[in-house]
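*Asks:* Sharing a structure with you now.
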Amino acid sequence: MGSQKHVVLLLSVLLILNSLLFSGADEDHYYEFILQETEITKLCSTKTILTVNGSFPGPEIRVRRGDTVYVNVHNQGRSAVSFDWQGVEDPVDGSNELIQPGKNFTYEIELDDEIGTLWWHARSAWAKATVHGAFVILPAADEEYPFPTPTSDQIIIFGEWFKQELTEANETIAAGQADGYTINGHLGETYGCSNDTTYLLEVAYEGLYLLRLINAVANETMVFAIAQHSFTIVGQNATYSQRSFSTSLTLAPGQTLDVLLGANQNVGQYYITAQPSSGRHNTTGVIQYLTSTGV
């Protein structure tokens, strides 16, 4: 009788351990953001912009549903800056904290039910134009996508570029119309400057890609399309949505969309376009198929 009790107890312990091992326990993630002045050349001229870790757009945060994220921001710039974690449900301590030059501050971001794509950015308009990046929230370790599993995912951020330097003193410039619009920091070939680069999205024939679209343009709705391709919308603003289909996508300022792209056209190159609703500029990129159909 006693041995049976021991067996039952042992089985109970094993079941508990098994559930702990495979429950997809939440994790902590740590990121270091260095705010710094960086020289970048676009539209045939060079200027200094504020960046995170020297890049425009800034670095990606990639975690899972329910995780906790710690972001330590070191301000090596010339102005005080605070950050916004747009779309995070629970209040983030210190969101209104102005990080003074030469100081640092660590944000603690506790995720709950958010899933899909969010973004982070500086709060002030002049800094937000160049200080922003993607915040990707994957399914928990024990979860699956509620749609076909993609081959891979790709971040696509629509941004804006001003020829004049943006500072705290001339913040009103950032509220006006930009001199150009970017796809992941690339202006494309429509602005007439030989030093401007073009965004390239490489895909494999018959691959399925989850595109994570972010409109970081402050005052323009952006329209996105890929020639001869269509999209399946599966999520927006860090929540799954009922599937819908479209050949072009419209994103309001600050909006995010998760869409599936099937690489099912003839192998070759196709234009990507991102255009503000005002129609003032048209930024282009290229989708490049890497493998042939074998026909």
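Residue names in the structure tokens use chain letters A, B, ... in the order shown, residue numbers from 1 in each chain, and ligand numbers from 1 in the order shown.
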So which residues touch Glu97 (chain A) within 10 Å, counting only C-alpha atoms, skipping near sequence neighbours fewer than 2 positions away, as a list in words?
*Replies:*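 The filter keeps Ala80, Val81, Ser82, Phe83, Asp93, Gly94, Ser95, Ile99, Gln100, Phe105 and Tyr107 of chain A.
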*Asks:* Residues near Arg62 (chain A), anyone? I mean within 8 Å using only C-alpha atoms, not counting same-chain ones fewer than 6 positions away, as a ChimeraX atom specification.
*Replies:* /A:135-138
*Asks:* Find the spatial neighbours of Leu187 (chain A), counting only C-alpha atoms, within a cut-off of 12 Å - ignore same-chain residues fewer than 3 positions away - and output them as a ChimeraX atom specification.
*Replies:* /A:41-44,56,157-162,178-184,190-200,272-275,281-286
*Asks:* Quick one: DSSP strand (DSSP E or B) residues in region 108-244 of chain A, as a ChimeraX atom specification?
*Replies:* /A:108-110,116-122,132-138,152-161,180-183,186,199-203,208-215,222-226,231-236,240-244
*Asks:* Taking the backbone alone, and naming residues the way the document does, which bits of region 92-278 of chain A are helix (DSSP H, G or I) by DSSP, as a PyMOL selection string?
*Replies:* chain A and resi 125-128+168-175
*Asks:* With C-alpha atoms retained, could you export that selection as an mmCIF file, in the first residue's frame?
*Replies:*
```
data_model
loop_
_atom_site.group_PDB
_atom_site.id
_atom_site.type_symbol
_atom_site.label_atom_id
_atom_site.label_comp_id
_atom_site.auth_asym_id
_atom_site.auth_seq_id
_atom_site.Cartn_x
_atom_site.Cartn_y
_atom_site.Cartn_z
ATOM 1 C CA ALA A 125 8.224 65.053 -32.582
ATOM 2 C CA TRP A 126 11.720 66.153 -33.601
ATOM 3 C CA ALA A 127 13.382 63.066 -32.070
ATOM 4 C CA LYS A 128 10.615 60.629 -33.027
ATOM 5 C CA GLU A 168 14.441 70.691 -29.908
ATOM 6 C CA ALA A 169 14.612 74.337 -31.010
ATOM 7 C CA ASN A 170 12.981 73.771 -34.426
ATOM 8 C CA GLU A 171 10.559 70.994 -33.509
ATOM 9 C CA THR A 172 7.781 72.540 -35.626
ATOM 10 C CA ILE A 173 9.579 71.378 -38.798
ATOM 11 C CA ALA A 174 8.791 67.762 -37.903
ATOM 12 C CA ALA A 175 5.080 68.623 -37.846
#
```
*Asks:* For each of A:Leu118, A:Leu261, A:Val131, A:Ala252, take the minimum atom-to-atom distance to Val217 (chain A), counting only C-alpha atoms, then give the residue where this is smallest.
*Replies:* A:Ala252
*Asks:* Show me, as a ChimeraX atom specification, the residues that have an atom within 6 Å of region 202-216 of chain A when counting only C-alpha atoms, minus same-chain residues fewer than 5 positions from it.
*Replies:* /A:150-159,253-264,287-291
*Asks:* Tell me which of A:Gln228, A:Ser79, A:Ser248, A:Thr221 sits closest to Ser277 (chain A), counting only C-alpha atoms.
*Replies:*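 Closest to Ser277 (chain A) of all the choices is A:Thr221.
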*Asks:* Quick one: of A:Gln177, A:Thr167, A:Ser244, A:Asn266, who's nearest to Lys47 (chain A), counting only C-alpha atoms?
*Replies:* A:Thr167
*Asks:* For Glu114 (chain A), please output as a short mmCIF file (atom, residue, chain, number, x, y, z; two decimals) with C-alpha atoms, in the first residue's frame all residues within 12 Å (counting only C-alpha atoms; exclusion window: fewer than 2 positions along the same chain).
*Replies:*
```cif
data_model
loop_
_atom_site.label_atom_id
_atom_site.label_comp_id
_atom_site.auth_asym_id
_atom_site.auth_seq_id
_atom_site.Cartn_x
_atom_site.Cartn_y
_atom_site.Cartn_z
CA VAL A 63 10.31 38.77 -27.49
CA ARG A 64 7.36 36.44 -26.78
CA ARG A 65 3.88 37.00 -25.43
CA GLY A 66 3.93 37.52 -21.65
CA ASP A 67 7.66 38.28 -21.42
CA THR A 68 9.20 41.19 -19.51
CA GLN A 86 3.23 52.41 -28.30
CA GLY A 87 0.48 49.84 -27.88
CA VAL A 88 1.73 48.20 -24.68
CA GLU A 89 -1.39 47.63 -22.55
CA ASP A 90 0.03 47.95 -19.04
CA ILE A 109 7.95 46.67 -19.90
CA GLU A 110 5.63 43.88 -18.76
CA LEU A 111 3.77 42.28 -21.64
CA ASP A 112 0.38 40.69 -21.21
CA GLY A 116 2.19 40.66 -33.22
CA THR A 117 3.78 44.01 -34.02
CA LEU A 118 4.17 47.19 -31.98
CA TRP A 119 6.82 49.89 -32.10
CA PHE A 135 8.72 45.83 -31.14
CA VAL A 136 7.91 42.25 -32.22
CA ILE A 137 5.92 39.98 -29.91
CA LEU A 138 5.97 36.34 -31.00
CA PRO A 139 3.59 33.66 -29.75
CA ALA A 140 4.56 32.06 -26.44
CA GLY A 235 -3.30 41.29 -37.36
CA GLN A 236 -3.05 44.94 -36.44
CA ASN A 237 -1.77 46.95 -33.50
CA ALA A 238 -0.57 43.84 -31.61
CA THR A 239 -3.72 41.76 -31.86
CA TYR A 240 -4.88 39.09 -34.27
#
```
*Asks:* Within 12 Å of region 51-54 of chain A, counting only C-alpha atoms, which residues show up once you throw out same-chain ones fewer than 4 positions away? Write them as an MDAnalysis selection string, please.
*Replies:* chainID A and resid 31:40 58:60 71:78 81 83 120:122 126:133 166 185
*Asks:* Next, write the just-selected residues to a file, as a compact mmCIF listing (two decimals), in the first residue's frame, keeping N, CA, C and O atoms as the atom set.
*Replies:*
```txt
# COMPACT_ATOMS: atom_id res chain seq x y z
N TYR A 31 17.90 44.90 -23.13
CA TYR A 31 18.40 45.62 -24.29
C TYR A 31 19.13 46.88 -23.83
O TYR A 31 18.74 47.51 -22.83
N GLU A 32 20.18 47.23 -24.56
CA GLU A 32 20.93 48.47 -24.31
C GLU A 32 20.72 49.40 -25.50
O GLU A 32 21.07 49.07 -26.63
N PHE A 33 20.14 50.56 -25.25
CA PHE A 33 19.93 51.58 -26.28
C PHE A 33 20.88 52.75 -26.01
O PHE A 33 20.85 53.33 -24.92
N ILE A 34 21.70 53.07 -27.01
CA ILE A 34 22.61 54.21 -26.90
C ILE A 34 22.08 55.33 -27.79
O ILE A 34 22.13 55.23 -29.03
N LEU A 35 21.57 56.40 -27.19
CA LEU A 35 21.15 57.58 -27.96
C LEU A 35 22.39 58.37 -28.33
O LEU A 35 23.18 58.75 -27.45
N GLN A 36 22.58 58.62 -29.63
CA GLN A 36 23.79 59.31 -30.06
C GLN A 36 23.54 60.10 -31.33
O GLN A 36 22.62 59.81 -32.09
N GLU A 37 24.38 61.10 -31.55
CA GLU A 37 24.32 61.90 -32.77
C GLU A 37 25.07 61.14 -33.87
O GLU A 37 26.20 60.69 -33.67
N THR A 38 24.44 61.01 -35.04
CA THR A 38 25.01 60.23 -36.14
C THR A 38 24.88 61.01 -37.44
O THR A 38 23.82 61.56 -37.73
N GLU A 39 25.94 61.06 -38.22
CA GLU A 39 25.89 61.71 -39.53
C GLU A 39 25.38 60.73 -40.58
O GLU A 39 25.89 59.62 -40.71
N ILE A 40 24.37 61.14 -41.33
CA ILE A 40 23.79 60.30 -42.38
C ILE A 40 23.56 61.14 -43.62
O ILE A 40 23.14 62.30 -43.54
N GLY A 58 15.87 52.41 -35.74
CA GLY A 58 16.63 51.86 -34.64
C GLY A 58 16.49 50.36 -34.52
O GLY A 58 15.81 49.71 -35.31
N PRO A 59 17.14 49.76 -33.50
CA PRO A 59 17.15 48.30 -33.34
C PRO A 59 15.78 47.73 -33.02
O PRO A 59 14.91 48.39 -32.45
N GLU A 60 15.61 46.48 -33.39
CA GLU A 60 14.37 45.75 -33.16
C GLU A 60 14.39 45.08 -31.79
O GLU A 60 15.40 44.53 -31.37
N VAL A 71 14.79 47.80 -20.97
CA VAL A 71 15.53 48.58 -21.96
C VAL A 71 16.27 49.69 -21.23
O VAL A 71 15.65 50.61 -20.68
N ASN A 72 17.59 49.60 -21.22
CA ASN A 72 18.43 50.60 -20.56
C ASN A 72 18.87 51.62 -21.60
O ASN A 72 19.64 51.30 -22.51
N VAL A 73 18.35 52.84 -21.48
CA VAL A 73 18.63 53.89 -22.45
C VAL A 73 19.72 54.80 -21.90
O VAL A 73 19.56 55.40 -20.83
N HIS A 74 20.83 54.92 -22.64
CA HIS A 74 21.93 55.81 -22.29
C HIS A 74 21.87 57.02 -23.23
O HIS A 74 21.99 56.86 -24.44
N ASN A 75 21.70 58.20 -22.69
CA ASN A 75 21.58 59.40 -23.52
C ASN A 75 22.94 60.05 -23.71
O ASN A 75 23.44 60.75 -22.83
N GLN A 76 23.52 59.82 -24.88
CA GLN A 76 24.78 60.47 -25.25
C GLN A 76 24.54 61.61 -26.24
O GLN A 76 25.47 62.11 -26.86
N GLY A 77 23.27 62.02 -26.37
CA GLY A 77 22.93 63.13 -27.24
C GLY A 77 23.02 64.46 -26.52
O GLY A 77 23.56 64.56 -25.41
N ARG A 78 22.43 65.50 -27.14
CA ARG A 78 22.55 66.85 -26.59
C ARG A 78 21.27 67.35 -25.95
O ARG A 78 21.24 68.43 -25.37
N VAL A 81 15.45 63.33 -23.63
CA VAL A 81 14.53 62.55 -24.46
C VAL A 81 13.79 61.54 -23.58
O VAL A 81 14.36 61.00 -22.63
N PHE A 83 10.83 58.08 -23.91
CA PHE A 83 10.42 57.04 -24.86
C PHE A 83 8.97 56.63 -24.63
O PHE A 83 8.47 56.67 -23.50
N TRP A 120 8.37 51.18 -30.84
CA TRP A 120 8.81 52.12 -29.81
C TRP A 120 9.31 53.38 -30.50
O TRP A 120 9.74 53.35 -31.65
N HIS A 121 9.28 54.51 -29.79
CA HIS A 121 9.76 55.76 -30.39
C HIS A 121 9.99 56.81 -29.31
O HIS A 121 9.45 56.71 -28.20
N ALA A 122 10.78 57.82 -29.67
CA ALA A 122 10.93 58.98 -28.79
C ALA A 122 9.60 59.73 -28.75
O ALA A 122 8.82 59.70 -29.70
N TRP A 126 10.45 66.00 -32.88
CA TRP A 126 11.72 66.15 -33.60
C TRP A 126 12.58 64.90 -33.46
O TRP A 126 13.24 64.47 -34.41
N ALA A 127 12.57 64.27 -32.28
CA ALA A 127 13.38 63.07 -32.07
C ALA A 127 12.70 61.82 -32.63
O ALA A 127 13.36 60.91 -33.14
N LYS A 128 11.38 61.78 -32.56
CA LYS A 128 10.61 60.63 -33.03
C LYS A 128 10.86 60.33 -34.50
O LYS A 128 10.81 59.18 -34.94
N ALA A 129 11.15 61.37 -35.29
CA ALA A 129 11.36 61.20 -36.73
C ALA A 129 12.49 60.24 -37.05
O ALA A 129 12.47 59.56 -38.08
N THR A 130 13.48 60.15 -36.17
CA THR A 130 14.63 59.27 -36.42
C THR A 130 14.87 58.25 -35.31
O THR A 130 15.62 57.30 -35.50
N VAL A 131 14.24 58.44 -34.16
CA VAL A 131 14.42 57.53 -33.03
C VAL A 131 13.18 56.67 -32.89
O VAL A 131 12.19 57.03 -32.24
N HIS A 132 13.18 55.53 -33.57
CA HIS A 132 12.05 54.61 -33.50
C HIS A 132 12.50 53.24 -34.02
O HIS A 132 13.53 53.12 -34.69
N GLY A 133 11.71 52.22 -33.70
CA GLY A 133 12.03 50.87 -34.16
C GLY A 133 10.89 49.91 -33.88
O GLY A 133 9.89 50.26 -33.24
N LEU A 166 16.83 68.34 -37.44
CA LEU A 166 15.75 68.43 -36.46
C LEU A 166 16.35 68.54 -35.07
O LEU A 166 17.16 67.71 -34.66
N GLY A 185 14.45 53.00 -43.87
CA GLY A 185 15.55 53.95 -43.97
C GLY A 185 16.02 54.23 -45.38
O GLY A 185 16.88 55.09 -45.59
```
*Asks:* Can you measure CA of Ile115 (chain A) to CA of Asp28 (chain A) for me? One decimal in Å is fine.
*Replies:*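 CA of Ile115 (chain A) sits 16.4 Å away from CA of Asp28 (chain A).
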